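*Asks:* One structure, as structure tokens, below. Some questions next.
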Amino acid sequence: MPETYIWAIGTLGQLYRLSTLGTCWDVCTTKPKGFGFKKITAAKFSAWAIGSDQQVYVYVLATDLPIRAQERTFQNQRWRIFKYGGWTDNLIFTDRPNYSSEDGLKGCPKESVQLPSSAWLWESDWHIQESIDGQLTGPEGWMYAFDFPWPAEKWYAEQRLKCFVRRRKWIRFRNYTAFNTWVKVPGIREDGMEEPFIDIAVGGQEISGIASDYLAIWAVTIRGRVCYREGISQNNPEGSSWKEVLGPGDSEVNQISVGPTGLVWAVTWNGKILARSGITKDNITGTGWYEVPSPEEKLYQISVGSNAVWGVGLDGIVWFRKNVHGAMAGTQKEACIGTGWVQMVGHMALINVGVSDQVFGIGKQDRKLYFRTGVTRVDLSGKVWQLIDARIKTPFSNTYSMSSISSIDSASLVSSSSNQSLLKTFGSLQNVNDQTGCVSKSDFSDNASDAESRDLKIKSLASVSLSSLISRNTEVGDNGLEVFTHSTRQEQEATDEQTLQIKEEVDIFSKRLSSTSLSSTVSETMFNFCEALQVNDRDSKVFTSCEEEEEFGGNTHEILVHSCEDENSSLQDSTPLSEKSVADTRLGGVASHRTTRQLRNESESQSCCSSVTSLEADTRDVFPDALWDTGAVEWMWVSATGCEFEPKVLPSGWFSSGKKQKSNSASVKHEAWYKEISKRLRDRNIKQIVPYTDYKQAIEKSSWVKEADFQLWDERQGWVDCSVQLELKGTSSCEMNDGTLTCTYKKGHNLKNLQLFIGEITCVLRINDVSRYSVLAIYTAKRTTTLTPLKLAAMSDAAVEEWVKAISSACCDLRSARSPPPENACWALTGRGDIFVHEMLPSIETTLCKQMFWHRLDGHLHMVESSNAGVVWGLGYNNTAWFFTGSEEQLKMTDVREIYIYENQRWNPLTGYSHNYRIPTDRPSWSDRSGRQELAKETIKTPSIHWQWISEWGIDYSTPGGTDDMGWQYAPDFPRIFHKKKCMSDYVRRRRWVRKCKLITSGPWKEVGTLPLLGLSLQVDPPQWLPKNSCIALWAVDLNGNVLCRLGVTKDCPQGASWVHVPADQPFSCISVGGSYRVWGVAKDGSTFLRNEVMPDEPTGTCWFQVAPPSGHKANYVSVGQTSVWLVDTLGNLYFRKDVMPIFPEGTAWLYVCAGIRHVSVGPLDQVWAIADMENVTGAICRRVGITSETPRGTGWDVGIRGGWSYISVRGCIDADITDDIMESDAQVTSRGLLSNECNQAVC
């Protein structure tokens, strides 16, 4: 699970952040200059807030991937031979502007394109893009057509006789630079103070049919107007402008909330509750407002989730709204407003609904943060409120000064009940001096360096003590001084008297220090401390009234004096620790009583990073970063709308201060009863086992039998009942040496036994069967050839899982399958996400596909890439990257998958499009993508029992090829290529429905960062062919098409160090790293590219070289071997790149090989494996045979197990012994020699 955050605001406007992977609150030290925060709302990678100046600010979290946006414009020209003598910018009046948008409706001169704000910087100047819609352009980037406007497929790279217009595309990129910084967002008016904001909300991440990086930002102004921020996306985190949304006519809105599905609720000043109607992907701001009946009391705050709405009344009573369905709220009123209110237990000051409808609240009385446990899709109201008592991690400011308070800019402030606490502080300093002798003459005179170290420590002590004099009721001025906001004449006089008393205590303390041979610097520091106090006492007003003390908790707080130890001296307090009450300094908060022992234990058990001063090495010993108790913190606002975590496995650091309960096993061992039981067990062992250790086993062999009832598939009878028996035979040492699988079923009037030897089984996997849900298939070499796997169906999914594991384990034990798999293993995935491995024994090239033994590995992936260096990466269905740990430790894995079903209709002249008037050859009304399997939404189940539904069925507007407003695609007939616009000749249509499910499993896989990836590739070169100590090249493509290079990937560090962005003019969809660091890629428009000059010392290369795809086709996937390049187009056709050589890496032409290929993988010896569809079977493993220097395309396919496979990787399939002995082709020798020479030059 990636790291996400809860954001919260304290009473003084200080911002805090709690990570799902952390154990304490982080203090946000960056804030708008001179301002705190009032409200905040957060997404996954950004946060929006309202500052104390009532303006909106945005905060974008930094990631490895830059935010990069493309500006583009099209230059248009016309051929006018008679007046201008050829091509000219002087167009006729019916033409588009000389520089325009792609559709020509809007003029777009290059000089008119400006940066959106100061947070952006230009990456490059304007330049011409060399391809448009996957087609290479002509000379100087021009594309030719008959006239404007003209369909994209009618533009040509070369000028033709009837081409009278032309255009070319200019592009320029800009980068966002204001990461981890609060950036002010322009208001509705030029002067933001004319109409400031009072509330803001974020949501809309789950709106169907909207881009995945979309965010809906809604805000309310002080005049009660509702505004929507337009243009929010990952490449434009600030948005473009505010749009006013017409509010209710008779009321002004006070507070607003947005759910992940885009549902918007609001509360007016007079207590009315409103819900926005008509919010869909086509009308993102909705059409009107529904008035929702209020509960027994008026609400002043509400929070909206995906399928839940929570509210808080004026007296703190919490209310829950039933039967709200966010996905259908745009079209159904009842789903939008729900059906009724339910009063919940507890009194809250504020409620916030986060991801997956998880609920957080701030207590009405104590102002503490609570979490609602037990919230699930079935029970949205949850169970009980649980306190989140994570502590606060306080870093020191890096602007501390030793002599004046004026330099304290971001130091921690401590609220004192009275200045009398300062007298106690200096008294405690004297006590420490008297009792420990920490400043004795002998401690400082023996070693000059120790004396200097103590001087620096006491300087830091004086500075922090000074900062504690300042009250929490202050405002930060532009010059860094703390300006107090409230005082009275009487408080001023009392403060003056107390200041004189403090000065006297400081004089006594400084004299005592000077008498112990302290350096002059220390004495000057203490006197500067007093002078600073005296200079600023008129501007500082320390609160001493009981009323103010009780308002913030009524606690008396004292300044902490840390005891510390180093190599040469130690501070040890001989007074009872229980009697020594100390307090901590904290940013923007108040301190609480802690004992020195408690703080010492906490500092030892928690490792917190701190930002310290230039005296970092010395002040860390005196004032180490502490974890402060949040009991005295009064939370004012909280936002968990961007916090993702597993509700069943809550972050442990959030509760009980992140402390682990100490085991009492050590103390139990000393108990009398424990000793007595242990003694009896030892005596029994000596009596019953030891005397017989020398006896031989009476039985040399042993066997284990497992039985169950299944249904067996028979070609003639169909599914018949059968009894299955698994018998495993082994030796006395429990080593397995034989086994059988016997199926007994009735055929006619006779019983028939079908027996398989465990050594014959080549694969056991779950398959999808039309007539049964839980089916396992058992393959042998013979049954693979005859296409008759042994299929068994169980009554439950759990039974199938159990037997698949049992049979697979028996096969692995008999074949001595290694764990982890060897580096040269072949990896494959099924359509269900199951991971299978084949070990090269003796060689993958000499073994027929039908004889290959595949065994299952724990985990779940959608894509896997291997290398001969022992590094394996994979991607989940939710595009999360994982790397193989190679250990037996089972780590938690999560995945989210989308399940699809297609709705099919035919047009007739009477009723139009309908389900009822279909011809016999049509596909079913509801089917899979191919139309061969009839389905129904009500009967579709999750892939296995480990998956859980997390959404309802909804129309998928992101279907490849595009859809109309209702999600439909049109075609002349089934099956044809579908398109989004209806034509006169279109008589059939379809649309795709989608539903999400979530998996929680485990395996030897560990997550890599938070960046979702679309594809990745590992270097195909074996380590023996690379320079010593060189890293493995790993390239990837993210969801937005950005090309990335992973640095620092080695066998010992398979996860690598960091991502580096590789700029490209086109968004990519696929990448492949071949031999000699040859990197090929496929753009989203179907064009292909080659990266030049990628070397160990230049891991990202220098530039992209575009290679034309197969004529009339668009590339979909590319795989590069040691010297060969293979490509699959969007129609499943396989191509081979001709004449690829080290001196000419781009080759000359694409040669057609065959059709029906879903995926291809090329190994380090240019061996080619693929997943193909053949003979009405989808997903068969195939190996290309007959590849030689004379026939580089091969001659045919060796087909293995058919059905259910989706991905294969042979990128690491080469034996370590073979690398030195194989007979290599001339191209391989030349490539390897060139690589060695290039690498040697790079090293030199």
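Lettering and numbering for the structure tokens are positional, with chains as A, B, ... in the shown order, residues counted from 1 in each chain, and ligands counted from 1 in the shown order.
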Could you give me, as a list in words, the residues within 7 Å of A:Trp1126, counting only C-alpha atoms and dropping anything in the same chain fewer than 4 positions from it?
*Replies:* Val1118, Ser1119, Val1120, Tyr1135, Phe1136 and Arg1137 of chain A
*Asks:* I need the chosen residues saved as a compact mmCIF listing (two decimals), in the first residue's frame, with N, CA, C and O atoms.
*Replies:*
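Result file is selection14.txt:
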```txt
# COMPACT_ATOMS: atom_id res chain seq x y z
N VAL A 1118 6.50 -4.12 -28.43
CA VAL A 1118 7.79 -4.42 -29.02
C VAL A 1118 8.64 -5.15 -27.99
O VAL A 1118 8.57 -4.86 -26.79
N SER A 1119 9.44 -6.13 -28.45
CA SER A 1119 10.37 -6.85 -27.60
C SER A 1119 11.69 -6.97 -28.34
O SER A 1119 11.72 -7.38 -29.50
N VAL A 1120 12.77 -6.62 -27.64
CA VAL A 1120 14.10 -6.56 -28.26
C VAL A 1120 14.99 -7.60 -27.59
O VAL A 1120 15.09 -7.64 -26.36
N TYR A 1135 5.59 -9.06 -36.38
CA TYR A 1135 6.55 -8.60 -37.38
C TYR A 1135 7.97 -8.76 -36.84
O TYR A 1135 8.21 -8.72 -35.61
N PHE A 1136 8.90 -8.94 -37.78
CA PHE A 1136 10.33 -9.04 -37.48
C PHE A 1136 11.05 -7.89 -38.18
O PHE A 1136 10.78 -7.59 -39.34
N ARG A 1137 11.99 -7.24 -37.45
CA ARG A 1137 12.72 -6.12 -38.02
C ARG A 1137 13.95 -6.63 -38.76
O ARG A 1137 14.81 -7.32 -38.18
```
*Asks:* Apply DSSP to the backbone of this structure and, from stretch 247-333 of chain A, keep only the residues in strand (DSSP E or B); write these as JSON, numbers by chain.
*Replies:* {"A": [253, 254, 255, 256, 257, 258, 264, 265, 266, 267, 268, 273, 274, 275, 276, 277, 288, 289, 290, 291, 292, 299, 300, 301, 302, 303, 304, 309, 310, 311, 312, 313, 317, 318, 319, 320, 321, 322]}
*Asks:* Create the file for the chosen residues now, containing N, CA, C and O atoms and written as a compact mmCIF listing (two decimals), in the first residue's frame.
*Replies:*
```
# COMPACT_ATOMS: atom_id res chain seq x y z
N VAL A 253 -24.57 29.68 0.91
CA VAL A 253 -23.88 28.46 1.36
C VAL A 253 -22.78 28.83 2.34
O VAL A 253 -22.06 29.81 2.16
N ASN A 254 -22.66 28.02 3.39
CA ASN A 254 -21.66 28.22 4.42
C ASN A 254 -20.55 27.16 4.35
O ASN A 254 -19.39 27.46 4.59
N GLN A 255 -20.92 25.92 4.03
CA GLN A 255 -19.96 24.82 4.03
C GLN A 255 -20.31 23.86 2.91
O GLN A 255 -21.48 23.69 2.55
N ILE A 256 -19.26 23.22 2.32
CA ILE A 256 -19.47 22.36 1.16
C ILE A 256 -18.58 21.14 1.30
O ILE A 256 -17.53 21.18 1.94
N SER A 257 -19.01 20.01 0.70
CA SER A 257 -18.24 18.77 0.72
C SER A 257 -18.46 18.04 -0.59
O SER A 257 -19.57 18.02 -1.13
N VAL A 258 -17.39 17.40 -1.09
CA VAL A 258 -17.42 16.67 -2.36
C VAL A 258 -16.95 15.24 -2.12
O VAL A 258 -15.93 15.03 -1.45
N VAL A 264 -21.94 16.29 -4.47
CA VAL A 264 -21.70 17.53 -3.73
C VAL A 264 -22.87 17.81 -2.81
O VAL A 264 -24.03 17.81 -3.24
N TRP A 265 -22.56 18.00 -1.54
CA TRP A 265 -23.53 18.44 -0.56
C TRP A 265 -23.06 19.77 0.04
O TRP A 265 -21.85 20.05 0.07
N ALA A 266 -24.02 20.56 0.52
CA ALA A 266 -23.68 21.87 1.09
C ALA A 266 -24.63 22.19 2.23
O ALA A 266 -25.74 21.66 2.32
N VAL A 267 -24.18 23.08 3.12
CA VAL A 267 -24.98 23.57 4.24
C VAL A 267 -25.04 25.09 4.13
O VAL A 267 -24.00 25.74 3.91
N THR A 268 -26.23 25.66 4.30
CA THR A 268 -26.40 27.10 4.20
C THR A 268 -26.30 27.74 5.58
O THR A 268 -26.30 27.06 6.61
N ILE A 273 -29.88 21.93 4.21
CA ILE A 273 -28.95 20.96 3.65
C ILE A 273 -29.31 20.78 2.18
O ILE A 273 -30.46 20.51 1.83
N LEU A 274 -28.31 20.91 1.31
CA LEU A 274 -28.53 20.86 -0.13
C LEU A 274 -27.64 19.78 -0.74
O LEU A 274 -26.53 19.53 -0.27
N ALA A 275 -28.14 19.15 -1.82
CA ALA A 275 -27.37 18.16 -2.58
C ALA A 275 -27.44 18.55 -4.05
O ALA A 275 -28.52 18.88 -4.56
N ARG A 276 -26.31 18.51 -4.72
CA ARG A 276 -26.23 18.91 -6.12
C ARG A 276 -26.70 17.78 -7.02
O ARG A 276 -26.26 16.63 -6.90
N SER A 277 -27.59 18.10 -7.94
CA SER A 277 -28.17 17.10 -8.84
C SER A 277 -27.51 17.19 -10.21
O SER A 277 -26.94 18.22 -10.59
N GLY A 288 -28.72 21.38 -10.77
CA GLY A 288 -29.55 22.06 -9.78
C GLY A 288 -29.26 21.58 -8.38
O GLY A 288 -28.27 20.88 -8.13
N TRP A 289 -30.17 21.94 -7.44
CA TRP A 289 -29.99 21.57 -6.03
C TRP A 289 -31.24 20.87 -5.52
O TRP A 289 -32.37 21.29 -5.81
N TYR A 290 -31.03 19.78 -4.78
CA TYR A 290 -32.10 19.15 -4.01
C TYR A 290 -31.99 19.62 -2.57
O TYR A 290 -30.89 19.72 -2.01
N GLU A 291 -33.12 19.91 -1.95
CA GLU A 291 -33.12 20.21 -0.52
C GLU A 291 -33.34 18.91 0.26
O GLU A 291 -34.33 18.21 0.06
N VAL A 292 -32.41 18.61 1.15
CA VAL A 292 -32.46 17.38 1.92
C VAL A 292 -33.10 17.68 3.28
O VAL A 292 -32.71 18.64 3.95
N LEU A 299 -27.90 20.96 11.14
CA LEU A 299 -26.50 20.62 10.98
C LEU A 299 -25.70 21.86 10.58
O LEU A 299 -26.20 22.72 9.87
N TYR A 300 -24.45 21.88 11.02
CA TYR A 300 -23.58 22.97 10.61
C TYR A 300 -22.38 22.47 9.80
O TYR A 300 -21.64 23.27 9.24
N GLN A 301 -22.21 21.14 9.70
CA GLN A 301 -21.10 20.60 8.93
C GLN A 301 -21.46 19.21 8.44
O GLN A 301 -22.06 18.41 9.15
N ILE A 302 -21.10 18.93 7.17
CA ILE A 302 -21.35 17.62 6.58
C ILE A 302 -20.09 17.18 5.83
O ILE A 302 -19.23 17.99 5.49
N SER A 303 -20.00 15.86 5.61
CA SER A 303 -18.89 15.30 4.85
C SER A 303 -19.41 14.16 4.00
O SER A 303 -20.16 13.31 4.49
N VAL A 304 -19.00 14.13 2.73
CA VAL A 304 -19.54 13.19 1.75
C VAL A 304 -18.47 12.18 1.37
O VAL A 304 -17.31 12.54 1.12
N VAL A 309 -22.91 9.77 3.75
CA VAL A 309 -22.88 11.18 4.13
C VAL A 309 -23.02 11.27 5.64
O VAL A 309 -23.95 10.68 6.21
N TRP A 310 -22.10 11.96 6.28
CA TRP A 310 -22.12 12.16 7.72
C TRP A 310 -22.26 13.64 8.01
O TRP A 310 -21.81 14.49 7.24
N GLY A 311 -22.90 13.95 9.13
CA GLY A 311 -23.09 15.34 9.52
C GLY A 311 -22.96 15.53 11.02
O GLY A 311 -23.06 14.59 11.80
N VAL A 312 -22.74 16.77 11.42
CA VAL A 312 -22.61 17.14 12.83
C VAL A 312 -23.58 18.27 13.13
O VAL A 312 -23.65 19.26 12.39
N GLY A 313 -24.35 18.10 14.21
CA GLY A 313 -25.29 19.11 14.62
C GLY A 313 -24.66 20.18 15.48
O GLY A 313 -23.48 20.12 15.85
N ILE A 317 -23.98 16.33 18.07
CA ILE A 317 -24.52 15.01 17.76
C ILE A 317 -24.17 14.63 16.33
O ILE A 317 -24.27 15.45 15.41
N VAL A 318 -23.75 13.39 16.14
CA VAL A 318 -23.32 12.90 14.84
C VAL A 318 -24.49 12.19 14.16
O VAL A 318 -25.18 11.38 14.78
N TRP A 319 -24.67 12.48 12.87
CA TRP A 319 -25.75 11.89 12.09
C TRP A 319 -25.19 11.21 10.86
O TRP A 319 -24.22 11.68 10.25
N PHE A 320 -25.84 10.10 10.48
CA PHE A 320 -25.45 9.33 9.30
C PHE A 320 -26.64 9.24 8.35
O PHE A 320 -27.77 8.94 8.77
N ARG A 321 -26.39 9.49 7.05
CA ARG A 321 -27.45 9.46 6.04
C ARG A 321 -27.46 8.11 5.35
O ARG A 321 -26.45 7.64 4.82
N LYS A 322 -28.63 7.47 5.34
CA LYS A 322 -28.76 6.13 4.78
C LYS A 322 -29.00 6.17 3.27
O LYS A 322 -29.53 7.13 2.73
```
*Asks:* Fewer than 4 positions away in the same chain doesn't count, so skip those; otherwise give me all residues within 12 Å of A:Ala810, counting only C-alpha atoms, as number ranges by chain.
*Replies:* A: 704-706, 726-730, 735-741, 757-764, 803-806, 814-817, 855-856
*Asks:* Find the residues near A:Gly1194: any atom within 8 Å, counting only C-alpha atoms, skip ones fewer than 3 places away on the same chain, and give them as a list of chain:residue names.
*Replies:*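 So, after excluding close chain neighbours, the residues are A:Arg1184, A:Val1185, A:Gly1186, A:Ile1187, A:Thr1188, A:Thr1191.
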*Asks:* Which residue is closest to A:Ser958? Choose from A:Met863, A:Met795, A:Val994, A:Ile132 and count only C-alpha atoms.
*Replies:*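 When distances to A:Ser958 are compared using only C-alpha atoms, the smallest one comes from A:Val994.
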*Asks:* Within 10 Å of A:Ser356, counting only C-alpha atoms, which residues qualify if same-chain residues fewer than 4 places away don't, as number ranges by chain?
*Replies:* A: 260, 305-308, 375-377, 380, 641, 643-647, 950
*Asks:* Any chance you can output those residues with N, CA, C and O atoms as a PDB file, in the first residue's frame?
*Replies:*
```pdb
ATOM      1  N   PRO A 260     -15.836  11.221  -3.563  1.00  0.00           N
ATOM      2  CA  PRO A 260     -15.011  10.683  -4.647  1.00  0.00           C
ATOM      3  C   PRO A 260     -15.776  10.484  -5.952  1.00  0.00           C
ATOM      4  O   PRO A 260     -15.185  10.542  -7.026  1.00  0.00           O
ATOM      5  N   GLY A 305     -18.865  10.905   1.322  1.00  0.00           N
ATOM      6  CA  GLY A 305     -17.993   9.841   0.845  1.00  0.00           C
ATOM      7  C   GLY A 305     -18.507   9.271  -0.454  1.00  0.00           C
ATOM      8  O   GLY A 305     -19.280   9.916  -1.176  1.00  0.00           O
ATOM      9  N   SER A 306     -18.098   8.051  -0.766  1.00  0.00           N
ATOM     10  CA  SER A 306     -18.564   7.403  -1.988  1.00  0.00           C
ATOM     11  C   SER A 306     -20.025   7.001  -1.878  1.00  0.00           C
ATOM     12  O   SER A 306     -20.822   7.268  -2.778  1.00  0.00           O
ATOM     13  N   ASN A 307     -20.391   6.379  -0.763  1.00  0.00           N
ATOM     14  CA  ASN A 307     -21.770   5.932  -0.555  1.00  0.00           C
ATOM     15  C   ASN A 307     -22.263   6.282   0.843  1.00  0.00           C
ATOM     16  O   ASN A 307     -23.089   5.570   1.401  1.00  0.00           O
ATOM     17  N   ALA A 308     -21.739   7.349   1.410  1.00  0.00           N
ATOM     18  CA  ALA A 308     -22.129   7.733   2.764  1.00  0.00           C
ATOM     19  C   ALA A 308     -22.029   9.240   2.922  1.00  0.00           C
ATOM     20  O   ALA A 308     -21.178   9.891   2.301  1.00  0.00           O
ATOM     21  N   VAL A 375     -16.048   0.233   9.524  1.00  0.00           N
ATOM     22  CA  VAL A 375     -16.768   0.743   8.352  1.00  0.00           C
ATOM     23  C   VAL A 375     -16.427  -0.128   7.148  1.00  0.00           C
ATOM     24  O   VAL A 375     -15.266  -0.237   6.746  1.00  0.00           O
ATOM     25  N   THR A 376     -17.426  -0.764   6.566  1.00  0.00           N
ATOM     26  CA  THR A 376     -17.256  -1.611   5.391  1.00  0.00           C
ATOM     27  C   THR A 376     -18.337  -1.257   4.381  1.00  0.00           C
ATOM     28  O   THR A 376     -19.213  -0.435   4.644  1.00  0.00           O
ATOM     29  N   ARG A 377     -18.273  -1.907   3.207  1.00  0.00           N
ATOM     30  CA  ARG A 377     -19.301  -1.667   2.198  1.00  0.00           C
ATOM     31  C   ARG A 377     -20.660  -2.154   2.671  1.00  0.00           C
ATOM     32  O   ARG A 377     -21.692  -1.621   2.265  1.00  0.00           O
ATOM     33  N   LEU A 380     -21.815   0.669   6.555  1.00  0.00           N
ATOM     34  CA  LEU A 380     -21.185   1.978   6.357  1.00  0.00           C
ATOM     35  C   LEU A 380     -21.192   2.827   7.614  1.00  0.00           C
ATOM     36  O   LEU A 380     -20.485   3.836   7.676  1.00  0.00           O
ATOM     37  N   THR A 641      -9.286  12.757   3.051  1.00  0.00           N
ATOM     38  CA  THR A 641      -9.813  12.452   1.721  1.00  0.00           C
ATOM     39  C   THR A 641      -8.748  11.926   0.778  1.00  0.00           C
ATOM     40  O   THR A 641      -9.086  11.419  -0.293  1.00  0.00           O
ATOM     41  N   CYS A 643      -6.199   9.842   2.064  1.00  0.00           N
ATOM     42  CA  CYS A 643      -5.501   8.819   2.853  1.00  0.00           C
ATOM     43  C   CYS A 643      -6.058   7.443   2.507  1.00  0.00           C
ATOM     44  O   CYS A 643      -7.224   7.150   2.793  1.00  0.00           O
ATOM     45  N   GLU A 644      -5.229   6.602   1.904  1.00  0.00           N
ATOM     46  CA  GLU A 644      -5.621   5.252   1.540  1.00  0.00           C
ATOM     47  C   GLU A 644      -4.928   4.248   2.450  1.00  0.00           C
ATOM     48  O   GLU A 644      -3.713   4.301   2.631  1.00  0.00           O
ATOM     49  N   PHE A 645      -5.689   3.342   3.021  1.00  0.00           N
ATOM     50  CA  PHE A 645      -5.147   2.280   3.845  1.00  0.00           C
ATOM     51  C   PHE A 645      -6.166   1.146   3.877  1.00  0.00           C
ATOM     52  O   PHE A 645      -7.314   1.312   3.457  1.00  0.00           O
ATOM     53  N   GLU A 646      -5.712   0.017   4.374  1.00  0.00           N
ATOM     54  CA  GLU A 646      -6.585  -1.140   4.460  1.00  0.00           C
ATOM     55  C   GLU A 646      -7.353  -1.079   5.781  1.00  0.00           C
ATOM     56  O   GLU A 646      -6.741  -1.172   6.852  1.00  0.00           O
ATOM     57  N   PRO A 647      -8.682  -0.905   5.751  1.00  0.00           N
ATOM     58  CA  PRO A 647      -9.439  -0.776   7.014  1.00  0.00           C
ATOM     59  C   PRO A 647      -9.290  -1.967   7.945  1.00  0.00           C
ATOM     60  O   PRO A 647      -9.357  -1.817   9.159  1.00  0.00           O
ATOM     61  N   ILE A 950     -15.632  -4.033  -4.695  1.00  0.00           N
ATOM     62  CA  ILE A 950     -15.512  -2.722  -4.047  1.00  0.00           C
ATOM     63  C   ILE A 950     -16.321  -1.653  -4.773  1.00  0.00           C
ATOM     64  O   ILE A 950     -16.238  -0.476  -4.419  1.00  0.00           O
TER      65      ILE A 950
END
```
*Asks:* Using only C-alpha atoms, which residue out of A:Val113, A:Ala1149, A:Val638, A:Ile807 lies closest to A:Leu18?
*Replies:* A:Val638
*Asks:* I'd like the neighbourhood of A:Gly954 as a PDB file with N, CA and C atoms, in the first residue's frame, where a residue qualifies if any of its atoms comes within 10 Å (using only C-alpha atoms), though same-chain residues fewer than 2 positions away should be ignored.
*Replies:*
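Contents of result_26.pdb, freshly written:
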```
ATOM      1  N   SER A 208     -16.961   8.040 -13.227  1.00  0.00           N
ATOM      2  CA  SER A 208     -16.792   7.158 -14.372  1.00  0.00           C
ATOM      3  C   SER A 208     -16.695   7.970 -15.655  1.00  0.00           C
ATOM      4  N   GLY A 209     -15.721   7.596 -16.498  1.00  0.00           N
ATOM      5  CA  GLY A 209     -15.552   8.267 -17.775  1.00  0.00           C
ATOM      6  C   GLY A 209     -14.662   9.478 -17.742  1.00  0.00           C
ATOM      7  N   ALA A 327     -22.342   6.660  -7.107  1.00  0.00           N
ATOM      8  CA  ALA A 327     -22.172   6.353  -8.518  1.00  0.00           C
ATOM      9  C   ALA A 327     -23.429   6.646  -9.324  1.00  0.00           C
ATOM     10  N   MET A 328     -24.600   6.565  -8.689  1.00  0.00           N
ATOM     11  CA  MET A 328     -25.857   6.813  -9.388  1.00  0.00           C
ATOM     12  C   MET A 328     -26.489   8.143  -9.007  1.00  0.00           C
ATOM     13  N   TYR A 900     -15.167  -6.818 -16.718  1.00  0.00           N
ATOM     14  CA  TYR A 900     -15.958  -6.212 -17.785  1.00  0.00           C
ATOM     15  C   TYR A 900     -17.043  -7.169 -18.281  1.00  0.00           C
ATOM     16  N   SER A 951     -17.089  -2.030  -5.786  1.00  0.00           N
ATOM     17  CA  SER A 951     -17.932  -1.068  -6.499  1.00  0.00           C
ATOM     18  C   SER A 951     -19.096  -1.814  -7.127  1.00  0.00           C
ATOM     19  N   GLU A 952     -20.035  -1.047  -7.646  1.00  0.00           N
ATOM     20  CA  GLU A 952     -21.172  -1.620  -8.363  1.00  0.00           C
ATOM     21  C   GLU A 952     -20.915  -1.520  -9.871  1.00  0.00           C
ATOM     22  N   ASP A 956     -18.677   1.981 -18.650  1.00  0.00           N
ATOM     23  CA  ASP A 956     -17.266   2.319 -18.825  1.00  0.00           C
ATOM     24  C   ASP A 956     -17.134   3.237 -20.036  1.00  0.00           C
ATOM     25  N   TYR A 957     -16.807   4.485 -19.773  1.00  0.00           N
ATOM     26  CA  TYR A 957     -16.643   5.456 -20.855  1.00  0.00           C
ATOM     27  C   TYR A 957     -15.217   5.502 -21.402  1.00  0.00           C
ATOM     28  N   ARG A 992     -19.538  -1.204 -22.840  1.00  0.00           N
ATOM     29  CA  ARG A 992     -18.868  -1.998 -21.822  1.00  0.00           C
ATOM     30  C   ARG A 992     -19.251  -1.509 -20.430  1.00  0.00           C
ATOM     31  N   TRP A 993     -19.562  -2.471 -19.575  1.00  0.00           N
ATOM     32  CA  TRP A 993     -19.834  -2.205 -18.169  1.00  0.00           C
ATOM     33  C   TRP A 993     -18.652  -2.700 -17.351  1.00  0.00           C
ATOM     34  N   VAL A 994     -18.384  -2.024 -16.252  1.00  0.00           N
ATOM     35  CA  VAL A 994     -17.203  -2.336 -15.459  1.00  0.00           C
ATOM     36  C   VAL A 994     -17.581  -2.385 -13.985  1.00  0.00           C
ATOM     37  N   ARG A 995     -16.871  -3.256 -13.266  1.00  0.00           N
ATOM     38  CA  ARG A 995     -17.014  -3.348 -11.816  1.00  0.00           C
ATOM     39  C   ARG A 995     -15.644  -3.687 -11.226  1.00  0.00           C
ATOM     40  N   LYS A 996     -15.305  -3.064 -10.125  1.00  0.00           N
ATOM     41  CA  LYS A 996     -13.986  -3.238  -9.528  1.00  0.00           C
ATOM     42  C   LYS A 996     -14.035  -4.218  -8.370  1.00  0.00           C
TER      43      LYS A 996
END
```
